[in-house]
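Enquirer: Input structure: final.pdb, which contains PDB, C-alpha atoms, pLDDT in the B column.
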```
ATOM      1  CA  MET A   3      -6.625 -63.458 163.133  1.00 90.00           C
ATOM      2  CA  GLU A   4      -3.742 -63.920 165.529  1.00 95.00           C
ATOM      3  CA  PHE A   5      -3.158 -67.668 165.368  1.00 97.00           C
ATOM      4  CA  ILE A   6      -4.810 -68.978 162.184  1.00 98.00           C
ATOM      5  CA  LYS A   7      -3.883 -68.159 158.598  1.00 98.00           C
ATOM      6  CA  TYR A   8      -6.238 -69.022 155.769  1.00 98.00           C
ATOM      7  CA  GLU A   9      -5.500 -68.684 152.082  1.00 97.00           C
ATOM      8  CA  VAL A  10      -7.138 -69.973 148.930  1.00 98.00           C
ATOM      9  CA  ASP A  11      -5.344 -70.864 145.710  1.00 97.00           C
ATOM     10  CA  GLY A  12      -7.811 -71.768 143.004  1.00 95.00           C
ATOM     11  CA  ALA A  13     -10.062 -74.457 144.453  1.00 97.00           C
ATOM     12  CA  VAL A  14      -7.659 -75.402 147.280  1.00 98.00           C
ATOM     13  CA  GLY A  15      -7.817 -73.858 150.735  1.00 98.00           C
ATOM     14  CA  LEU A  16      -4.875 -73.857 153.166  1.00 98.00           C
ATOM     15  CA  ILE A  17      -5.296 -73.422 156.932  1.00 98.00           C
ATOM     16  CA  THR A  18      -2.102 -72.862 158.913  1.00 98.00           C
ATOM     17  CA  ILE A  19      -2.087 -72.970 162.706  1.00 98.00           C
ATOM     18  CA  ASP A  20       0.432 -70.254 163.519  1.00 97.00           C
ATOM     19  CA  ARG A  21       1.597 -70.295 167.111  1.00 95.00           C
ATOM     20  CA  PRO A  22       5.166 -71.532 166.636  1.00 91.00           C
ATOM     21  CA  LYS A  23       6.571 -70.318 169.962  1.00 90.00           C
ATOM     22  CA  ALA A  24       4.165 -72.742 171.678  1.00 93.00           C
ATOM     23  CA  LEU A  25       4.710 -75.406 168.966  1.00 95.00           C
ATOM     24  CA  ASN A  26       1.210 -74.493 167.697  1.00 95.00           C
ATOM     25  CA  ALA A  27      -0.469 -75.796 170.861  1.00 93.00           C
ATOM     26  CA  LEU A  28      -4.240 -75.457 171.030  1.00 94.00           C
ATOM     27  CA  ASN A  29      -5.612 -73.054 173.624  1.00 93.00           C
ATOM     28  CA  SER A  30      -9.085 -71.535 173.738  1.00 93.00           C
ATOM     29  CA  ALA A  31      -8.078 -68.653 171.475  1.00 94.00           C
ATOM     30  CA  VAL A  32      -6.618 -70.942 168.805  1.00 95.00           C
ATOM     31  CA  LEU A  33      -9.677 -73.207 168.950  1.00 96.00           C
ATOM     32  CA  ALA A  34     -12.021 -70.230 168.631  1.00 96.00           C
ATOM     33  CA  GLU A  35     -10.171 -68.930 165.570  1.00 97.00           C
ATOM     34  CA  LEU A  36     -10.032 -72.394 164.015  1.00 97.00           C
ATOM     35  CA  ASP A  37     -13.766 -72.770 164.536  1.00 97.00           C
ATOM     36  CA  GLU A  38     -14.384 -69.394 162.894  1.00 97.00           C
ATOM     37  CA  VAL A  39     -12.243 -70.248 159.868  1.00 98.00           C
ATOM     38  CA  ILE A  40     -13.750 -73.720 159.378  1.00 98.00           C
ATOM     39  CA  THR A  41     -17.248 -72.246 159.585  1.00 97.00           C
ATOM     40  CA  ALA A  42     -16.360 -69.630 156.975  1.00 96.00           C
ATOM     41  CA  VAL A  43     -14.898 -72.016 154.375  1.00 97.00           C
ATOM     42  CA  ASP A  44     -16.858 -71.634 151.144  1.00 96.00           C
ATOM     43  CA  CYS A  45     -17.382 -75.267 150.203  1.00 95.00           C
ATOM     44  CA  ALA A  46     -18.924 -74.253 146.870  1.00 93.00           C
ATOM     45  CA  ALA A  47     -15.702 -72.560 145.708  1.00 96.00           C
ATOM     46  CA  VAL A  48     -13.121 -74.527 147.706  1.00 97.00           C
ATOM     47  CA  ARG A  49     -13.055 -78.182 146.685  1.00 97.00           C
ATOM     48  CA  CYS A  50     -10.322 -79.462 149.008  1.00 98.00           C
ATOM     49  CA  LEU A  51      -8.767 -78.169 152.219  1.00 98.00           C
ATOM     50  CA  VAL A  52      -5.262 -78.634 153.648  1.00 98.00           C
ATOM     51  CA  ILE A  53      -4.484 -78.108 157.347  1.00 98.00           C
ATOM     52  CA  THR A  54      -0.906 -77.710 158.570  1.00 98.00           C
ATOM     53  CA  GLY A  55       1.171 -76.039 161.278  1.00 97.00           C
ATOM     54  CA  ALA A  56       3.577 -73.109 161.031  1.00 97.00           C
ATOM     55  CA  GLY A  57       7.302 -73.850 161.113  1.00 93.00           C
ATOM     56  CA  ASP A  58       9.158 -77.120 160.627  1.00 91.00           C
ATOM     57  CA  LYS A  59       9.012 -78.512 164.166  1.00 94.00           C
ATOM     58  CA  SER A  60       5.351 -78.995 164.921  1.00 96.00           C
ATOM     59  CA  PHE A  61       1.946 -79.561 163.367  1.00 97.00           C
ATOM     60  CA  VAL A  62       0.223 -79.148 166.729  1.00 97.00           C
ATOM     61  CA  ALA A  63       2.088 -80.230 169.870  1.00 94.00           C
ATOM     62  CA  GLY A  64      -1.157 -80.722 171.808  1.00 88.00           C
ATOM     63  CA  ALA A  65      -3.663 -78.789 173.836  1.00 85.00           C
ATOM     64  CA  ASP A  66      -2.308 -76.045 176.091  1.00 83.00           C
ATOM     65  CA  ILE A  67      -1.363 -77.764 179.373  1.00 89.00           C
ATOM     66  CA  GLY A  68      -1.010 -74.456 181.186  1.00 86.00           C
ATOM     67  CA  GLU A  69      -4.614 -73.598 180.425  1.00 86.00           C
ATOM     68  CA  MET A  70      -5.906 -77.082 181.274  1.00 88.00           C
ATOM     69  CA  SER A  71      -4.031 -77.547 184.533  1.00 91.00           C
ATOM     70  CA  SER A  72      -6.468 -75.560 186.675  1.00 90.00           C
ATOM     71  CA  LEU A  73      -9.750 -76.693 185.115  1.00 91.00           C
ATOM     72  CA  THR A  74     -12.553 -78.100 187.264  1.00 95.00           C
ATOM     73  CA  LYS A  75     -14.502 -81.233 186.218  1.00 95.00           C
ATOM     74  CA  VAL A  76     -17.217 -79.103 184.654  1.00 97.00           C
ATOM     75  CA  GLU A  77     -14.690 -76.863 182.896  1.00 94.00           C
ATOM     76  CA  GLY A  78     -12.715 -79.885 181.699  1.00 93.00           C
ATOM     77  CA  GLU A  79     -15.785 -81.433 180.135  1.00 95.00           C
ATOM     78  CA  ALA A  80     -16.659 -78.112 178.498  1.00 93.00           C
ATOM     79  CA  PHE A  81     -13.116 -77.753 177.114  1.00 92.00           C
ATOM     80  CA  GLY A  82     -13.336 -81.280 175.700  1.00 94.00           C
ATOM     81  CA  LYS A  83     -16.676 -80.477 174.103  1.00 95.00           C
ATOM     82  CA  LYS A  84     -15.250 -77.324 172.536  1.00 94.00           C
ATOM     83  CA  GLY A  85     -12.458 -79.282 170.861  1.00 95.00           C
ATOM     84  CA  ASN A  86     -14.729 -82.168 169.904  1.00 97.00           C
ATOM     85  CA  ASP A  87     -17.306 -79.862 168.327  1.00 97.00           C
ATOM     86  CA  ILE A  88     -14.651 -78.166 166.180  1.00 97.00           C
ATOM     87  CA  PHE A  89     -12.960 -81.396 165.127  1.00 98.00           C
ATOM     88  CA  ARG A  90     -16.321 -82.940 164.305  1.00 97.00           C
ATOM     89  CA  LYS A  91     -17.071 -79.903 162.157  1.00 97.00           C
ATOM     90  CA  ILE A  92     -13.833 -80.589 160.247  1.00 98.00           C
ATOM     91  CA  GLU A  93     -14.654 -84.290 159.940  1.00 97.00           C
ATOM     92  CA  THR A  94     -18.112 -83.584 158.540  1.00 97.00           C
ATOM     93  CA  LEU A  95     -17.162 -80.791 156.127  1.00 98.00           C
ATOM     94  CA  PRO A  96     -18.627 -81.682 152.730  1.00 97.00           C
ATOM     95  CA  ILE A  97     -15.200 -81.355 151.082  1.00 98.00           C
ATOM     96  CA  PRO A  98     -12.119 -83.529 151.674  1.00 98.00           C
ATOM     97  CA  VAL A  99      -9.562 -82.327 154.229  1.00 98.00           C
ATOM     98  CA  ILE A 100      -5.873 -83.276 154.149  1.00 98.00           C
ATOM     99  CA  ALA A 101      -3.672 -83.007 157.243  1.00 98.00           C
ATOM    100  CA  ALA A 102      -0.080 -82.122 156.302  1.00 98.00           C
ATOM    101  CA  VAL A 103       1.624 -83.134 159.544  1.00 98.00           C
ATOM    102  CA  ASN A 104       4.957 -81.350 159.829  1.00 97.00           C
ATOM    103  CA  GLY A 105       6.630 -82.478 163.063  1.00 96.00           C
ATOM    104  CA  PHE A 106       4.898 -83.053 166.385  1.00 97.00           C
ATOM    105  CA  ALA A 107       1.279 -84.221 166.342  1.00 98.00           C
ATOM    106  CA  LEU A 108       0.715 -85.030 169.984  1.00 97.00           C
ATOM    107  CA  GLY A 109      -2.483 -85.122 172.027  1.00 96.00           C
ATOM    108  CA  GLY A 110      -4.825 -82.598 170.477  1.00 96.00           C
ATOM    109  CA  GLY A 111      -2.550 -82.404 167.432  1.00 97.00           C
ATOM    110  CA  CYS A 112      -2.881 -86.117 166.743  1.00 98.00           C
ATOM    111  CA  GLU A 113      -6.620 -85.770 167.328  1.00 98.00           C
ATOM    112  CA  LEU A 114      -6.836 -82.861 164.889  1.00 98.00           C
ATOM    113  CA  SER A 115      -5.031 -84.872 162.219  1.00 98.00           C
ATOM    114  CA  MET A 116      -7.407 -87.800 162.758  1.00 98.00           C
ATOM    115  CA  SER A 117     -10.437 -85.562 162.172  1.00 98.00           C
ATOM    116  CA  CYS A 118      -9.113 -85.010 158.632  1.00 98.00           C
ATOM    117  CA  ASP A 119      -9.864 -87.395 155.779  1.00 98.00           C
ATOM    118  CA  ILE A 120      -6.259 -88.012 154.740  1.00 98.00           C
ATOM    119  CA  ARG A 121      -3.023 -87.709 156.711  1.00 98.00           C
ATOM    120  CA  ILE A 122       0.414 -87.297 155.168  1.00 98.00           C
ATOM    121  CA  CYS A 123       3.476 -86.368 157.192  1.00 98.00           C
ATOM    122  CA  SER A 124       7.069 -85.204 157.120  1.00 98.00           C
ATOM    123  CA  ASP A 125       9.908 -87.597 157.921  1.00 98.00           C
ATOM    124  CA  ASN A 126      10.390 -85.909 161.305  1.00 97.00           C
ATOM    125  CA  ALA A 127       6.745 -86.301 162.344  1.00 98.00           C
ATOM    126  CA  VAL A 128       5.953 -87.712 165.779  1.00 98.00           C
ATOM    127  CA  PHE A 129       2.476 -88.915 166.757  1.00 98.00           C
ATOM    128  CA  GLY A 130       1.112 -89.799 170.166  1.00 98.00           C
ATOM    129  CA  GLN A 131      -1.610 -89.557 172.769  1.00 97.00           C
ATOM    130  CA  PRO A 132       0.387 -88.790 175.963  1.00 96.00           C
ATOM    131  CA  GLU A 133      -2.601 -87.826 178.109  1.00 96.00           C
ATOM    132  CA  VAL A 134      -2.519 -90.670 180.656  1.00 96.00           C
ATOM    133  CA  GLY A 135       0.937 -89.482 181.666  1.00 96.00           C
ATOM    134  CA  LEU A 136      -0.701 -86.183 182.618  1.00 95.00           C
ATOM    135  CA  GLY A 137      -3.538 -87.786 184.553  1.00 96.00           C
ATOM    136  CA  ILE A 138      -6.253 -87.347 181.922  1.00 96.00           C
ATOM    137  CA  THR A 139      -7.747 -89.140 178.915  1.00 96.00           C
ATOM    138  CA  PRO A 140      -7.560 -87.886 175.344  1.00 96.00           C
ATOM    139  CA  GLY A 141     -10.382 -85.362 175.190  1.00 95.00           C
ATOM    140  CA  PHE A 142     -10.770 -84.290 171.562  1.00 96.00           C
ATOM    141  CA  GLY A 143     -11.844 -87.625 170.056  1.00 97.00           C
ATOM    142  CA  GLY A 144      -8.581 -89.553 170.428  1.00 97.00           C
ATOM    143  CA  THR A 145     -10.065 -92.619 172.106  1.00 97.00           C
ATOM    144  CA  GLN A 146     -12.676 -92.907 169.360  1.00 97.00           C
ATOM    145  CA  ARG A 147     -10.912 -92.046 166.103  1.00 98.00           C
ATOM    146  CA  LEU A 148      -7.618 -93.811 166.819  1.00 98.00           C
ATOM    147  CA  ALA A 149      -9.451 -97.078 167.529  1.00 97.00           C
ATOM    148  CA  ARG A 150     -11.376 -96.744 164.278  1.00 96.00           C
ATOM    149  CA  LEU A 151      -8.268 -95.916 162.230  1.00 97.00           C
ATOM    150  CA  VAL A 152      -5.633 -98.354 163.460  1.00 97.00           C
ATOM    151  CA  SER A 153      -7.614-101.048 165.350  1.00 96.00           C
ATOM    152  CA  PRO A 154      -8.840-101.059 168.948  1.00 97.00           C
ATOM    153  CA  GLY A 155      -5.877-103.099 170.195  1.00 98.00           C
ATOM    154  CA  MET A 156      -3.234-100.807 168.707  1.00 97.00           C
ATOM    155  CA  ALA A 157      -5.123 -97.718 169.869  1.00 98.00           C
ATOM    156  CA  LYS A 158      -5.295 -99.080 173.409  1.00 98.00           C
ATOM    157  CA  GLN A 159      -1.587 -99.843 173.390  1.00 98.00           C
ATOM    158  CA  LEU A 160      -0.641 -96.349 172.222  1.00 98.00           C
ATOM    159  CA  ILE A 161      -3.053 -94.588 174.569  1.00 98.00           C
ATOM    160  CA  PHE A 162      -2.383 -96.764 177.653  1.00 98.00           C
ATOM    161  CA  THR A 163       1.416 -96.518 177.295  1.00 98.00           C
ATOM    162  CA  ALA A 164       1.429 -92.827 176.267  1.00 97.00           C
ATOM    163  CA  ARG A 165       4.203 -93.792 173.848  1.00 96.00           C
ATOM    164  CA  ASN A 166       5.049 -91.534 170.930  1.00 97.00           C
ATOM    165  CA  ILE A 167       5.667 -93.061 167.513  1.00 98.00           C
ATOM    166  CA  LYS A 168       7.710 -91.810 164.584  1.00 98.00           C
ATOM    167  CA  ALA A 169       6.578 -91.372 161.005  1.00 98.00           C
ATOM    168  CA  GLU A 170       7.637 -94.858 159.859  1.00 98.00           C
ATOM    169  CA  GLU A 171       5.567 -96.594 162.533  1.00 98.00           C
ATOM    170  CA  ALA A 172       2.609 -94.290 161.883  1.00 98.00           C
ATOM    171  CA  LEU A 173       2.754 -95.396 158.245  1.00 98.00           C
ATOM    172  CA  ARG A 174       3.069 -99.066 159.194  1.00 98.00           C
ATOM    173  CA  ILE A 175      -0.037 -99.056 161.376  1.00 98.00           C
ATOM    174  CA  GLY A 176      -2.074 -97.053 158.872  1.00 97.00           C
ATOM    175  CA  LEU A 177      -2.270 -93.773 160.744  1.00 98.00           C
ATOM    176  CA  VAL A 178      -0.750 -91.889 157.797  1.00 98.00           C
ATOM    177  CA  ASN A 179      -0.886 -92.493 154.049  1.00 98.00           C
ATOM    178  CA  ALA A 180       2.591 -91.302 153.071  1.00 98.00           C
ATOM    179  CA  ILE A 181       5.840 -89.779 154.371  1.00 98.00           C
ATOM    180  CA  TYR A 182       7.719 -86.958 152.628  1.00 98.00           C
ATOM    181  CA  LEU A 183      10.836 -84.929 153.274  1.00 97.00           C
ATOM    182  CA  GLN A 184      10.019 -81.811 155.272  1.00 96.00           C
ATOM    183  CA  ALA A 185      10.525 -79.485 152.294  1.00 96.00           C
ATOM    184  CA  GLU A 186       8.310 -81.641 150.075  1.00 98.00           C
ATOM    185  CA  LEU A 187       5.384 -82.098 152.462  1.00 98.00           C
ATOM    186  CA  LEU A 188       3.316 -78.985 151.787  1.00 98.00           C
ATOM    187  CA  PRO A 189       3.900 -79.029 147.999  1.00 98.00           C
ATOM    188  CA  GLU A 190       2.805 -82.681 147.962  1.00 98.00           C
ATOM    189  CA  ALA A 191      -0.277 -81.887 150.077  1.00 98.00           C
ATOM    190  CA  LYS A 192      -1.218 -79.073 147.694  1.00 98.00           C
ATOM    191  CA  LYS A 193      -0.593 -81.351 144.710  1.00 98.00           C
ATOM    192  CA  MET A 194      -2.897 -83.998 146.158  1.00 98.00           C
ATOM    193  CA  ALA A 195      -5.528 -81.387 146.992  1.00 98.00           C
ATOM    194  CA  ALA A 196      -5.352 -79.986 143.451  1.00 97.00           C
ATOM    195  CA  ALA A 197      -5.807 -83.488 142.006  1.00 97.00           C
ATOM    196  CA  ILE A 198      -8.896 -83.972 144.171  1.00 97.00           C
ATOM    197  CA  ALA A 199     -10.198 -80.527 143.237  1.00 96.00           C
ATOM    198  CA  LYS A 200     -10.025 -81.359 139.520  1.00 96.00           C
ATOM    199  CA  ASN A 201     -12.564 -84.143 139.892  1.00 96.00           C
ATOM    200  CA  ALA A 202     -16.331 -83.683 139.896  1.00 96.00           C
ATOM    201  CA  PRO A 203     -17.090 -81.929 143.215  1.00 95.00           C
ATOM    202  CA  ILE A 204     -20.567 -83.386 143.713  1.00 96.00           C
ATOM    203  CA  ALA A 205     -19.164 -86.883 143.203  1.00 97.00           C
ATOM    204  CA  VAL A 206     -16.213 -86.287 145.548  1.00 97.00           C
ATOM    205  CA  ARG A 207     -18.475 -84.903 148.268  1.00 97.00           C
ATOM    206  CA  ASN A 208     -20.874 -87.820 147.865  1.00 98.00           C
ATOM    207  CA  CYS A 209     -17.975 -90.287 148.095  1.00 98.00           C
ATOM    208  CA  LYS A 210     -16.842 -88.716 151.376  1.00 97.00           C
ATOM    209  CA  LYS A 211     -20.351 -88.864 152.781  1.00 97.00           C
ATOM    210  CA  ALA A 212     -20.855 -92.451 151.592  1.00 98.00           C
ATOM    211  CA  ILE A 213     -17.647 -93.627 153.290  1.00 98.00           C
ATOM    212  CA  ASN A 214     -18.200 -91.714 156.535  1.00 97.00           C
ATOM    213  CA  ASP A 215     -21.889 -92.554 156.879  1.00 97.00           C
ATOM    214  CA  GLY A 216     -21.465 -96.135 155.727  1.00 97.00           C
ATOM    215  CA  LEU A 217     -18.842 -96.876 158.375  1.00 95.00           C
ATOM    216  CA  GLN A 218     -21.385 -96.126 161.101  1.00 94.00           C
ATOM    217  CA  VAL A 219     -23.906 -98.805 160.026  1.00 96.00           C
ATOM    218  CA  ASP A 220     -23.959-102.470 158.984  1.00 97.00           C
ATOM    219  CA  MET A 221     -23.272-103.480 155.375  1.00 97.00           C
ATOM    220  CA  ASP A 222     -26.919-103.891 154.378  1.00 98.00           C
ATOM    221  CA  LYS A 223     -27.628-100.311 155.423  1.00 97.00           C
ATOM    222  CA  ALA A 224     -24.293 -99.055 154.101  1.00 98.00           C
ATOM    223  CA  ILE A 225     -24.958-100.132 150.534  1.00 97.00           C
ATOM    224  CA  VAL A 226     -28.289 -98.274 150.659  1.00 98.00           C
ATOM    225  CA  VAL A 227     -26.352 -95.161 151.701  1.00 97.00           C
ATOM    226  CA  GLU A 228     -24.129 -95.649 148.656  1.00 98.00           C
ATOM    227  CA  GLU A 229     -27.054 -96.291 146.305  1.00 97.00           C
ATOM    228  CA  LYS A 230     -28.744 -93.036 147.249  1.00 97.00           C
ATOM    229  CA  LEU A 231     -25.551 -90.981 146.906  1.00 97.00           C
ATOM    230  CA  PHE A 232     -24.737 -92.743 143.614  1.00 97.00           C
ATOM    231  CA  GLY A 233     -28.164 -91.859 142.275  1.00 97.00           C
ATOM    232  CA  ASP A 234     -27.815 -88.297 143.532  1.00 96.00           C
ATOM    233  CA  CYS A 235     -24.988 -87.703 141.037  1.00 96.00           C
ATOM    234  CA  PHE A 236     -27.179 -88.346 138.019  1.00 96.00           C
ATOM    235  CA  GLU A 237     -28.853 -85.551 136.040  1.00 93.00           C
ATOM    236  CA  SER A 238     -26.109 -83.170 137.200  1.00 94.00           C
ATOM    237  CA  TYR A 239     -24.141 -81.179 134.647  1.00 94.00           C
ATOM    238  CA  ASP A 240     -20.922 -82.751 135.906  1.00 95.00           C
ATOM    239  CA  GLN A 241     -22.197 -86.313 135.408  1.00 96.00           C
ATOM    240  CA  LYS A 242     -23.400 -85.523 131.901  1.00 95.00           C
ATOM    241  CA  GLU A 243     -20.148 -83.775 130.967  1.00 93.00           C
ATOM    242  CA  GLY A 244     -17.942 -86.452 132.524  1.00 96.00           C
ATOM    243  CA  MET A 245     -19.655 -89.300 130.714  1.00 96.00           C
ATOM    244  CA  ALA A 246     -19.946 -87.378 127.451  1.00 95.00           C
ATOM    245  CA  ALA A 247     -16.211 -86.641 127.530  1.00 95.00           C
ATOM    246  CA  PHE A 248     -15.467 -90.337 128.085  1.00 96.00           C
ATOM    247  CA  LEU A 249     -17.744 -91.474 125.261  1.00 97.00           C
ATOM    248  CA  GLU A 250     -16.414 -88.800 122.909  1.00 95.00           C
ATOM    249  CA  LYS A 251     -12.811 -89.641 123.848  1.00 96.00           C
ATOM    250  CA  ARG A 252     -11.973 -86.115 124.925  1.00 94.00           C
ATOM    251  CA  LYS A 253     -10.950 -84.380 128.111  1.00 94.00           C
ATOM    252  CA  VAL A 254     -13.580 -82.931 130.418  1.00 92.00           C
ATOM    253  CA  GLU A 255     -13.981 -79.233 129.646  1.00 88.00           C
ATOM    254  CA  ALA A 256     -14.807 -78.349 133.249  1.00 87.00           C
ATOM    255  CA  PHE A 257     -16.663 -79.678 136.247  1.00 91.00           C
ATOM    256  CA  LEU A 258     -18.946 -76.877 137.377  1.00 91.00           C
ATOM    257  CA  ASN A 259     -20.201 -78.242 140.693  1.00 86.00           C
ATOM    258  CA  LYS A 260     -23.763 -78.387 139.414  1.00 90.00           C
TER
END
```
Please express what this file holds, its structure, as structure tokens.
Expert:
Amino acid sequence: MEFIKYEVDGAVGLITIDRPKALNALNSAVLAELDEVITAVDCAAVRCLVITGAGDKSFVAGADIGEMSSLTKVEGEAFGKKGNDIFRKIETLPIPVIAAVNGFALGGGCELSMSCDIRICSDNAVFGQPEVGLGITPGFGGTQRLARLVSPGMAKQLIFTARNIKAEEALRIGLVNAIYLQAELLPEAKKMAAAIAKNAPIAVRNCKKAINDGLQVDMDKAIVVEEKLFGDCFESYDQKEGMAAFLEKRKVEAFLNK
């Protein structure tokens, strides 16, 4: 692939968006390759995924303005759907996804990070949804996910003003979980992913589904979602081994994803 690198180390997958001359901006070609890679991830073997950008300046600086500038209404809606479909595919992957945000995460880059389960960033990270300054709305889920993550009022303020925020403010409002020095970011993301990957995969996947699905319904329905996914873990090898290890006061020999 020209713009996407994918590598697997043990049970951790790493996707790198590699278009540094354009600050890793998303055009149709990048989106197509990202879609292909996400579709091909083997969620039976890979237990956690990390997404980052090439270089030390930018995670993803946004969607490609040059490509978008001449779109018609119909083409604009189709371009938005293309991005939304891919980001939704990331959001609904069975396995956890960590965004390691190294530098600019603007527009489509901020939206990509928000489609991941966990966001950590470098100390030089910058987040923002600058679209209204270009005469458009966020088009890859920004109006929806930002409001859910940081509150509707804060999302409206950031989107209406088109103001960029630095890492410290992103942490304060809950957009990211942690800030690291640039050199430490990817090692820390891989460390977190490896810690997730060591846990029982069926349980981790069910936890992700329980949280995501439960947030879409009221509490009475949400606890039923949890009950079913809780019950689904039982009679698995991993549940039996995990509980046996606890009762026998030993370490788990291995979680086998079955």
Enquirer: Could you spell out the hits of the PyMOL selection byres ((chain A and resi 64) around 7) on the shown file, as a list in words?
Expert: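 Answer for the PyMOL selection byres ((chain A and resi 64) around 7): Ala27, Leu28, Val62, Ala63, Ala65, Asp66, Ala107, Leu108, Gly109, Gly110 and Gly111 of chain A.
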Enquirer: Using C-alpha atoms, can you write the selected residues to a file as a JSON list (two decimals), keeping the file's coordinate frame?
Expert:
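What ended up in again_7.json:
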```
[["chain", "number", "residue", "atom", "x", "y", "z"],
["A", 27, "ALA", "CA", -0.47, -75.80, 170.86],
["A", 28, "LEU", "CA", -4.24, -75.46, 171.03],
["A", 62, "VAL", "CA", 0.22, -79.15, 166.73],
["A", 63, "ALA", "CA", 2.09, -80.23, 169.87],
["A", 65, "ALA", "CA", -3.66, -78.79, 173.84],
["A", 66, "ASP", "CA", -2.31, -76.04, 176.09],
["A", 107, "ALA", "CA", 1.28, -84.22, 166.34],
["A", 108, "LEU", "CA", 0.72, -85.03, 169.98],
["A", 109, "GLY", "CA", -2.48, -85.12, 172.03],
["A", 110, "GLY", "CA", -4.82, -82.60, 170.48],
["A", 111, "GLY", "CA", -2.55, -82.40, 167.43]]
```
Enquirer: Compile a residue-level contact table for segment 122-232 of chain A against segment 254-258 of chain A at a cut-off of 10 Å, reporting for every qualifying residue the shortest atom pair and its distance in Å to one decimal, with all atoms listed in the file counted, rows ordered by chain and ascending number, as a tab-separated table.
Expert:
```
residue	atom	partner	partner_atom	distance
A:Ala199	CA	A:Phe257	CA	9.6
A:Lys200	CA	A:Phe257	CA	7.6
A:Asn201	CA	A:Phe257	CA	7.1
A:Ala202	CA	A:Phe257	CA	5.4
A:Pro203	CA	A:Phe257	CA	7.3
A:Ile204	CA	A:Phe257	CA	9.2
```
Enquirer: Identify which of the residues A:Ile198, A:Met245, A:Ala164, A:Val39 lies closest to Gln131 of chain A, counting only C-alpha atoms when measuring atom-to-atom distances.
Expert: A:Ala164
Enquirer: I would like the residues chosen by the PyMOL selection byres ((chain A and resi 148) around 12) on the shown file; could you give them as an NGL selection string?
Expert: :A and (109 or 112-117 or 129-131 or 140 or 142-147 or 149-161 or 172 or 175-178)
Enquirer: Of the candidates A:Asn86, A:Ser30, A:Thr41, A:Thr54, which shows the shortest atom-to-atom distance to Ile67 of chain A, using all atoms listed in the file?
Expert: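 Under the stated criterion, the closest residue is A:Ser30.
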Enquirer: Can you list what the PyMOL selection byres ((chain A and resi 91-95) around 9) grabs from this structure, as number ranges by chain?
Expert: A: 37, 40-41, 45, 86-90, 96-99, 114, 116-119, 207, 210-211, 214
Enquirer: For Ala34 of chain A, which residue out of A:Met221, A:Ile122, A:Glu4, A:Gln184 is the nearest one, using all atoms listed in the file?
Expert: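 Checking each candidate against Ala34 of chain A, we get A:Glu4 as the closest.
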Enquirer: Figure out the distance between atom CA of Lys23 of chain A and atom CA of Val128 of chain A, please, to one decimal in Å.
Expert: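 Interatomic distance, atom CA of Val128 of chain A to atom CA of Lys23 of chain A: 17.9 Å.
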Enquirer: Suppose you want the space between atom CA of Ile213 of chain A and atom CA of Glu171 of chain A; what is it in Å?
Expert: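 Distance between the two atoms: 25.2 Å.
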Enquirer: Using atom CA of Val14 of chain A and atom CA of Ala185 of chain A as the two end points, give the distance in Å to one decimal.
Expert: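 Interatomic distance, atom CA of Val14 of chain A to atom CA of Ala185 of chain A: 19.3 Å.
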Enquirer: Could you name the residues that touch Leu187 of chain A at 12 Å or less, counting only C-alpha atoms, but leaving out those on the same chain fewer than 2 positions away, as an mmCIF file with C-alpha atoms, in the frame of the given file?
Expert:
```cif
data_model
loop_
_atom_site.group_PDB
_atom_site.id
_atom_site.type_symbol
_atom_site.label_atom_id
_atom_site.label_comp_id
_atom_site.auth_asym_id
_atom_site.auth_seq_id
_atom_site.Cartn_x
_atom_site.Cartn_y
_atom_site.Cartn_z
ATOM 1 C CA VAL A 52 -5.262 -78.634 153.648
ATOM 2 C CA ILE A 53 -4.484 -78.108 157.347
ATOM 3 C CA THR A 54 -0.906 -77.710 158.570
ATOM 4 C CA GLY A 55 1.171 -76.039 161.278
ATOM 5 C CA ASP A 58 9.158 -77.120 160.627
ATOM 6 C CA PHE A 61 1.946 -79.561 163.367
ATOM 7 C CA ILE A 100 -5.873 -83.276 154.149
ATOM 8 C CA ALA A 101 -3.672 -83.007 157.243
ATOM 9 C CA ALA A 102 -0.080 -82.122 156.302
ATOM 10 C CA VAL A 103 1.624 -83.134 159.544
ATOM 11 C CA ASN A 104 4.957 -81.350 159.829
ATOM 12 C CA GLY A 105 6.630 -82.478 163.063
ATOM 13 C CA ARG A 121 -3.023 -87.709 156.711
ATOM 14 C CA ILE A 122 0.414 -87.297 155.168
ATOM 15 C CA CYS A 123 3.476 -86.368 157.192
ATOM 16 C CA SER A 124 7.069 -85.204 157.120
ATOM 17 C CA ASP A 125 9.908 -87.597 157.921
ATOM 18 C CA ASN A 126 10.390 -85.909 161.305
ATOM 19 C CA ALA A 127 6.745 -86.301 162.344
ATOM 20 C CA ALA A 180 2.591 -91.302 153.071
ATOM 21 C CA ILE A 181 5.840 -89.779 154.371
ATOM 22 C CA TYR A 182 7.719 -86.958 152.628
ATOM 23 C CA LEU A 183 10.836 -84.929 153.274
ATOM 24 C CA GLN A 184 10.019 -81.811 155.272
ATOM 25 C CA ALA A 185 10.525 -79.485 152.294
ATOM 26 C CA PRO A 189 3.900 -79.029 147.999
ATOM 27 C CA GLU A 190 2.805 -82.681 147.962
ATOM 28 C CA ALA A 191 -0.277 -81.887 150.077
ATOM 29 C CA LYS A 192 -1.218 -79.073 147.694
ATOM 30 C CA LYS A 193 -0.593 -81.351 144.710
ATOM 31 C CA MET A 194 -2.897 -83.998 146.158
#
```
